[in-house]
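One structure is given here, and the rest of the page talks about it.
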Amino acid sequence: MLTITLPDGATRTFESDSVTGNEVAAAIGKRLAADAIGIMVDGQLQDLSRPINANAKVSIITPKPEDNQAMFLLRHSTAHVMAEAISDLFPQVKLAYGPPVEGGFYYDMELATPITEGDFSRIEQRMAEIVRENRPFTRYELPQHQAMAALETQGNAYKLDNARRAIAQDASAVLSFYATGQPGKNWEDLCRGPHLPSTGRIGAFKVTSVAGAYWHGDATKQQLQRVYGIAFFSQAQLDAFVHQQDEAKKRDHRLLGKQLQLFTISPLVGSGLILWMPRGGVIRQELELFMREELARRGYSAVYTPHIGHIDLYKTSGHYPYYKESQFPTIKMAQRDSDDQSEYLLKPMNCPHHIQIYAAHPHSYRDLPIRLAEFGTVYRFEQSGELSGMTRVRGFTQDDAHLFCTPEQVEQELKSTLDMVLLVLQTLGFTDYQCRVSLRDPTSDKYAGDPALWQTAETTLRKIVSESGIDSVEAPGEAAFYGPKLDFLVRDVIGRQWQLGTVQLDYVLPERFGLEYIGSDNQPHRPVMIHRAPFGSMERFTGILIEHFAGAFPAWLAPVQVSVLTISEKFLDYGRSVLSQLLAAGIRADIDDASDKIGAKIRRARDLKTPYMLVVGGKEQENAAVAVRTRKDRDLGTMPTDEFIRQLQMEITTRKADSVFTT
RNA sequence: GCUGCUGUAGCUCAGCUGGUAGAGCGCGUCCUUGGUAAGGACGAGGUCAUGGGUUCAAGUCCCAUCAGUAGCUCCA
């Protein structure tokens with residue numbers, strides 16, 4: 001006798017001591033039994049065919065794209081089908097590991113001849129056959145020694161390793177296998193499960209890409225081939241997904257950066273080195289201006305430091321030689337002048353320079369906090385495979401600042417720096433960000449300083465975050481070597497996460513450089529440092545910003561805020577007078593004086609995503625007016641030129657995200 | 001750094017199984033002076049990423065290098 005509780009609290013009782021998910025679903029309804037693809041038993045996802053041997057709370061999983069459990073079953077099962085297809089087509093393949101992941105699935109495998117994109121269609125064809133055959137996923141379990149023996153015979157070291165790891169994790173682990181069809185007759189794989197009832201439940205799928213991946217993510221180990229795929233319950237869902245991907249790609253900052261002439265990269269200058277074009281330069285200038293205003297308001301001092309520093313500086317800070325391989329090679333004076341043994345480094349960070357400014361003269365506790373700010377350009381030799389547009393580069397400018405304060409001031413200063421990061425995100429309309437509390441990994445030795453100070457620092461950061469009320473996740477092992485930090489992460493159009501703003505707490509560098517201030521007790525004390533950069537890097541931030549706005553920047557950031565479009569050359573003089581009024585009012589404006597019709601001029605300005613177009617012809621000239629049009633709306637009608645300018649100036653100076661002309 | 005893919009005009013791309021390069025947009029000149037998402041004509045513009053090799057002949061095949069790209073690894 002079993003009692004099964006459903007999500008709504010209703011119960012079903014069964015006479016036997018064991019009941020399968022299929023039987024539970026059938027007891028609820030015929031339709032549900034037909035739809036069902038899996039079952040949650042006391043919070044555990046299971047095959048429908050597995051017996052339930054005790055009273056349990058269950059819910060039936062049906063094929064819904066928004067249900068994570070349903071998608072897990074689908075993706076995991078499709079990974080098996082793909083693995084079978086590849087095994088058929090490439091009999092010498094050794095499968096390693098094939099999990100579902102966010103957005104799809106992959107399977108890692110060893111194969112002497114690489115799979116290429118050209119192979120995708122025949123893999124998909126074979127998969128389609130397996131799906132059409134609608135074979136059941138059949139689970140069977142073997143005692144450990146038998147399972148291991150079976151895997152030994154197969155001679156697949158990866159699967160054996162997987163089994164050993166499962167046993168190492170849980171000595172009583174039962175090893176399960178899933179056959180796509182009948183065990184012993186059809187293809188099968190060591191697998192924890194669960195799976196869909198049968199291959200026929202897979203609606204639509206696509207093999208998407210192939211890439212190298214290291215066994216267990218270890219770059220010293222052998223590289224396997226990872227084949228990626230996606231799966232959906234219906235073709236319509238797959239089509240929608242593909243469409244969405246295509247739309248996302250149109251927002252890619254690398255594409256828009258080219259189209260809108262914002263930045264370029266020249267191989268002659270070097271990989272990963274951004275050249276800001278005039279239109280992109282405007283955006284950066286406006287962002288910097290915004291930041292400078294905030295810095296002034298918050299008691300920061302502007303400083304300037306050079307692009308290189310003596311290597312001893314970084315030996316003292318501890319940055320060198322830990323990060324030797326990710327730096328540009330040192331500049332050795334000895335090559336030119338044998339007497340001078342000096343070595344310089346392109347600066348990989350600004351803090352040591354700022355520390356030298358602090359250390360230039362003694363400080364009283366009355367001077368603190370001291371906040372030194374600089375748009376400091378740093379150089380890091382990122383691996384070639386890591387470079388990506390503006391988001392991962394080898395030279396970038398941080399909106400950096402270092403705060404030197406007393407231990408008592410730490411909390412207040414942290415609060416105000418966090419506040420500044422949030423202001424930046426809010427002003428630019430970022431709501432979909434993640435705050436990561438990056439902590440030390442206690443088992444690693446890459447961290448410097450006294451563990452007790454780390455404890456203090458981490459506790460303080462946690463407190464600040466929880467008081468601020470923002471959502472956050474803790475990430476052990478993500479801290480800087482000198483201290484824990486708060487990182488603000490945003491996704492790009494491809495779904496990759498990037499760190500933008502950061503706030504870092506540091507008790508270590510003041511120690512290393514022997515920094516001091518004289519306290520009210522007339523004794524020397526050690527200051528605490530806070531490193532912070534609300535944008536993070538101007539390059540990365542701008543790259544993400546381009547994608548965030550899909551190139552349609554709010555007026556205050558737009559490279560050109562207004563384009564004057566003349567109806568015909570007869571009105572060029574009037575158009576030019578409107579243009580000079582705009583320029584005189586400090587508005588970034590241009591005029592399209594080509595001998596095109598108005599439709600073509602509008603199209604051109606829209607393609608450049610200019611926020612406002614002012615159409616001027618005879619009617620406007622008579623009334624000292626302009627016909628206003630925004631890049632997204634239609635004709636907004638005419639208004640006096642000075643009225644347009646007044647309203648636009650308001651929109652710009654208040655850095656509004658949306659147009660004041662649309663309601 | 002590793003694996004796969006890619007590299008043809010300023011941009012987006014075509015160029016079949018090798019036989020010394022094409023389109024659209026953009027650009028220039030001219031015609032047109034047109035009222036809200038492309039008016040018309042003509043024209044200029046290419047060491048086919050670079051360097052080797054195979055071949056009577058290479059944009060096309062092979063190798064290397066450089067760069068881009070997806071993923072892995074890394075990210076002070």
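Please note that chains go A, B, ... in the order of the structure tokens, that every chain numbers its residues from 1, and that ligands are numbered from 1 in the order shown.
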Write down, as a PDB file with C-alpha atoms (C1' of nucleotides), in the first residue's frame, each residue of chain B that has any atom within 10 Å of an atom of chain A, counting only C-alpha atoms (C1' of nucleotides).
ATOM      1  C1'   G B   1      48.101  28.616 -25.521  1.00  0.00           C
ATOM      2  C1'   C B   2      44.863  24.300 -27.509  1.00  0.00           C
ATOM      3  C1'   U B   3      40.838  22.329 -31.128  1.00  0.00           C
ATOM      4  C1'   G B   4      37.469  23.498 -35.173  1.00  0.00           C
ATOM      5  C1'   C B   5      35.957  27.110 -38.767  1.00  0.00           C
ATOM      6  C1'   C B  11      31.074  47.254 -45.861  1.00  0.00           C
ATOM      7  C1'   U B  32      16.781  65.280 -60.801  1.00  0.00           C
ATOM      8  C1'   U B  33      14.762  69.635 -56.272  1.00  0.00           C
ATOM      9  C1'   G B  34      11.562  65.551 -54.682  1.00  0.00           C
ATOM     10  C1'   G B  35       7.649  66.237 -47.660  1.00  0.00           C
ATOM     11  C1'   U B  36       8.918  61.282 -43.732  1.00  0.00           C
ATOM     12  C1'   A B  37      12.498  53.784 -44.128  1.00  0.00           C
ATOM     13  C1'   A B  38      16.648  53.572 -50.679  1.00  0.00           C
ATOM     14  C1'   G B  39      14.979  58.841 -57.522  1.00  0.00           C
ATOM     15  C1'   C B  66      49.392  36.294 -39.263  1.00  0.00           C
ATOM     16  C1'   A B  67      44.497  37.866 -38.065  1.00  0.00           C
ATOM     17  C1'   G B  68      39.344  37.002 -36.902  1.00  0.00           C
ATOM     18  C1'   U B  69      35.808  33.655 -34.732  1.00  0.00           C
ATOM     19  C1'   A B  70      33.237  29.590 -31.432  1.00  0.00           C
ATOM     20  C1'   G B  71      34.551  26.644 -27.425  1.00  0.00           C
ATOM     21  C1'   C B  72      38.226  24.895 -23.772  1.00  0.00           C
ATOM     22  C1'   U B  73      42.098  26.704 -20.496  1.00  0.00           C
ATOM     23  C1'   C B  74      43.359  31.550 -18.340  1.00  0.00           C
ATOM     24  C1'   C B  75      41.891  36.450 -16.421  1.00  0.00           C
ATOM     25  C1'   A B  76      46.290  40.796 -10.874  1.00  0.00           C
TER      26        A B  76
END
In segment 274-488 of chain A, DSSP strand (DSSP E) residues written as a PyMOL selection string:
chain A and resi 275-276+301-302+308-310+331-332+343-346+370-379+395-405+433-439+472-476+485-488
Distance query Thr456 of chain A at most 12 Å, only C-alpha atoms (C1' of nucleotides), self and fewer than 3 positions along chain excluded, as a PyMOL selection string
chain A and resi 407+410-411+439+449-453+459-463+483-484+505-507+528
Would you mind exporting all heavy atoms of the selected residues as a compact mmCIF listing (two decimals), in the first residue's frame?
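Output (out-v2.txt):
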# COMPACT_ATOMS: atom_id res chain seq x y z
N PRO A 407 40.94 51.83 9.48
CA PRO A 407 40.06 50.66 9.59
C PRO A 407 38.63 51.05 9.95
O PRO A 407 37.68 50.42 9.47
CB PRO A 407 40.69 49.83 10.72
CG PRO A 407 42.13 50.22 10.69
CD PRO A 407 42.17 51.67 10.29
N VAL A 410 36.53 52.08 6.83
CA VAL A 410 36.35 51.11 5.75
C VAL A 410 34.89 50.94 5.36
O VAL A 410 34.53 51.02 4.18
CB VAL A 410 36.96 49.75 6.13
CG1 VAL A 410 36.47 48.66 5.19
CG2 VAL A 410 38.46 49.82 6.09
N GLU A 411 34.04 50.74 6.35
CA GLU A 411 32.65 50.42 6.06
C GLU A 411 31.96 51.56 5.31
O GLU A 411 31.31 51.35 4.29
CB GLU A 411 31.93 50.12 7.37
CG GLU A 411 30.81 49.16 7.17
CD GLU A 411 30.20 48.73 8.49
OE1 GLU A 411 30.96 48.23 9.36
OE2 GLU A 411 28.99 48.89 8.64
N LEU A 439 35.34 35.63 -2.97
CA LEU A 439 36.03 35.34 -1.72
C LEU A 439 37.25 34.46 -1.97
O LEU A 439 37.46 33.94 -3.05
CB LEU A 439 35.07 34.61 -0.76
CG LEU A 439 33.75 35.33 -0.51
CD1 LEU A 439 32.80 34.44 0.27
CD2 LEU A 439 34.00 36.63 0.25
N GLY A 449 48.78 37.50 2.71
CA GLY A 449 48.29 38.19 3.88
C GLY A 449 47.76 37.29 4.98
O GLY A 449 47.62 36.08 4.81
N ASP A 450 47.45 37.92 6.08
CA ASP A 450 47.02 37.26 7.31
C ASP A 450 45.57 36.76 7.17
O ASP A 450 44.67 37.55 6.86
CB ASP A 450 47.12 38.30 8.44
CG ASP A 450 46.71 37.73 9.78
OD1 ASP A 450 46.28 36.56 9.81
OD2 ASP A 450 46.83 38.46 10.77
N PRO A 451 45.34 35.46 7.38
CA PRO A 451 43.99 34.91 7.27
C PRO A 451 42.98 35.64 8.15
O PRO A 451 41.80 35.76 7.78
CB PRO A 451 44.16 33.45 7.71
CG PRO A 451 45.59 33.14 7.43
CD PRO A 451 46.35 34.41 7.62
N ALA A 452 43.43 36.16 9.29
CA ALA A 452 42.51 36.86 10.18
C ALA A 452 42.00 38.14 9.52
O ALA A 452 40.82 38.50 9.63
CB ALA A 452 43.21 37.19 11.50
N LEU A 453 42.90 38.82 8.78
CA LEU A 453 42.49 40.05 8.08
C LEU A 453 41.53 39.71 6.93
O LEU A 453 40.60 40.46 6.66
CB LEU A 453 43.72 40.79 7.55
CG LEU A 453 44.53 41.53 8.61
CD1 LEU A 453 45.77 42.17 7.99
CD2 LEU A 453 43.69 42.57 9.33
N THR A 459 33.96 39.45 6.05
CA THR A 459 32.79 39.75 6.89
C THR A 459 32.25 41.14 6.57
O THR A 459 31.04 41.33 6.43
CB THR A 459 33.18 39.67 8.38
OG1 THR A 459 33.81 38.42 8.60
CG2 THR A 459 31.96 39.81 9.27
N THR A 460 33.18 42.08 6.42
CA THR A 460 32.76 43.45 6.11
C THR A 460 32.03 43.52 4.78
O THR A 460 30.97 44.14 4.66
CB THR A 460 33.98 44.39 6.05
OG1 THR A 460 34.80 44.13 7.20
CG2 THR A 460 33.56 45.85 6.05
N LEU A 461 32.60 42.88 3.78
CA LEU A 461 31.97 42.91 2.45
C LEU A 461 30.57 42.29 2.48
O LEU A 461 29.62 42.84 1.92
CB LEU A 461 32.82 42.15 1.43
CG LEU A 461 33.91 42.93 0.72
CD1 LEU A 461 34.50 42.09 -0.41
CD2 LEU A 461 33.38 44.24 0.15
N ARG A 462 30.46 41.16 3.16
CA ARG A 462 29.15 40.50 3.26
C ARG A 462 28.13 41.44 3.89
O ARG A 462 26.99 41.51 3.46
CB ARG A 462 29.27 39.24 4.12
CG ARG A 462 29.87 38.04 3.42
CD ARG A 462 29.45 36.77 4.15
NE ARG A 462 30.04 35.60 3.54
CZ ARG A 462 31.16 35.02 3.97
NH1 ARG A 462 31.80 35.52 5.03
NH2 ARG A 462 31.63 33.95 3.37
N LYS A 463 28.57 42.14 4.92
CA LYS A 463 27.68 43.03 5.65
C LYS A 463 27.19 44.16 4.74
O LYS A 463 25.99 44.46 4.68
CB LYS A 463 28.44 43.61 6.85
CG LYS A 463 27.61 44.51 7.73
CD LYS A 463 28.29 44.75 9.07
CE LYS A 463 27.48 45.75 9.89
NZ LYS A 463 28.21 46.98 10.14
N GLY A 483 42.91 40.50 -1.74
CA GLY A 483 41.71 40.72 -0.95
C GLY A 483 40.44 40.30 -1.65
O GLY A 483 40.42 40.09 -2.86
N PRO A 484 39.34 40.22 -0.88
CA PRO A 484 38.04 39.87 -1.46
C PRO A 484 37.45 41.07 -2.19
O PRO A 484 37.89 42.20 -1.98
CB PRO A 484 37.20 39.53 -0.23
CG PRO A 484 37.78 40.36 0.86
CD PRO A 484 39.26 40.46 0.57
N LEU A 505 38.58 45.10 -1.48
CA LEU A 505 39.06 45.48 -0.15
C LEU A 505 40.43 44.86 0.05
O LEU A 505 40.62 43.67 -0.20
CB LEU A 505 38.06 44.96 0.89
CG LEU A 505 38.29 45.33 2.34
CD1 LEU A 505 38.51 46.83 2.49
CD2 LEU A 505 37.08 44.90 3.15
N ASP A 506 41.38 45.67 0.52
CA ASP A 506 42.77 45.23 0.48
C ASP A 506 43.52 45.62 1.76
O ASP A 506 43.76 46.81 2.01
CB ASP A 506 43.43 45.85 -0.76
CG ASP A 506 44.91 45.54 -0.86
OD1 ASP A 506 45.40 44.70 -0.10
OD2 ASP A 506 45.56 46.15 -1.73
N TYR A 507 43.91 44.63 2.55
CA TYR A 507 44.75 44.86 3.72
C TYR A 507 46.20 44.50 3.42
O TYR A 507 47.08 44.69 4.24
CB TYR A 507 44.27 44.01 4.90
CG TYR A 507 42.96 44.46 5.51
CD1 TYR A 507 41.75 43.98 5.04
CD2 TYR A 507 42.94 45.36 6.57
CE1 TYR A 507 40.55 44.38 5.60
CE2 TYR A 507 41.74 45.77 7.14
CZ TYR A 507 40.55 45.28 6.64
OH TYR A 507 39.37 45.69 7.21
N VAL A 528 44.02 51.07 5.33
CA VAL A 528 43.38 50.01 4.54
C VAL A 528 43.12 50.60 3.16
O VAL A 528 42.83 51.79 3.04
CB VAL A 528 42.06 49.57 5.19
CG1 VAL A 528 41.43 48.43 4.39
CG2 VAL A 528 42.29 49.15 6.62
For Gly229 of chain A, which residue among A:Tyr300, A:Trp276, A:Tyr314, A:Tyr106 is the nearest when counting only C-alpha atoms?
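Under the stated criterion, the closest residue is A:Tyr106.
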Among the residues of segment 364-451 of chain A, find those DSSP assigns to alpha helix (DSSP H) from the backbone and print them as a ChimeraX atom specification.
/A:410-427,451
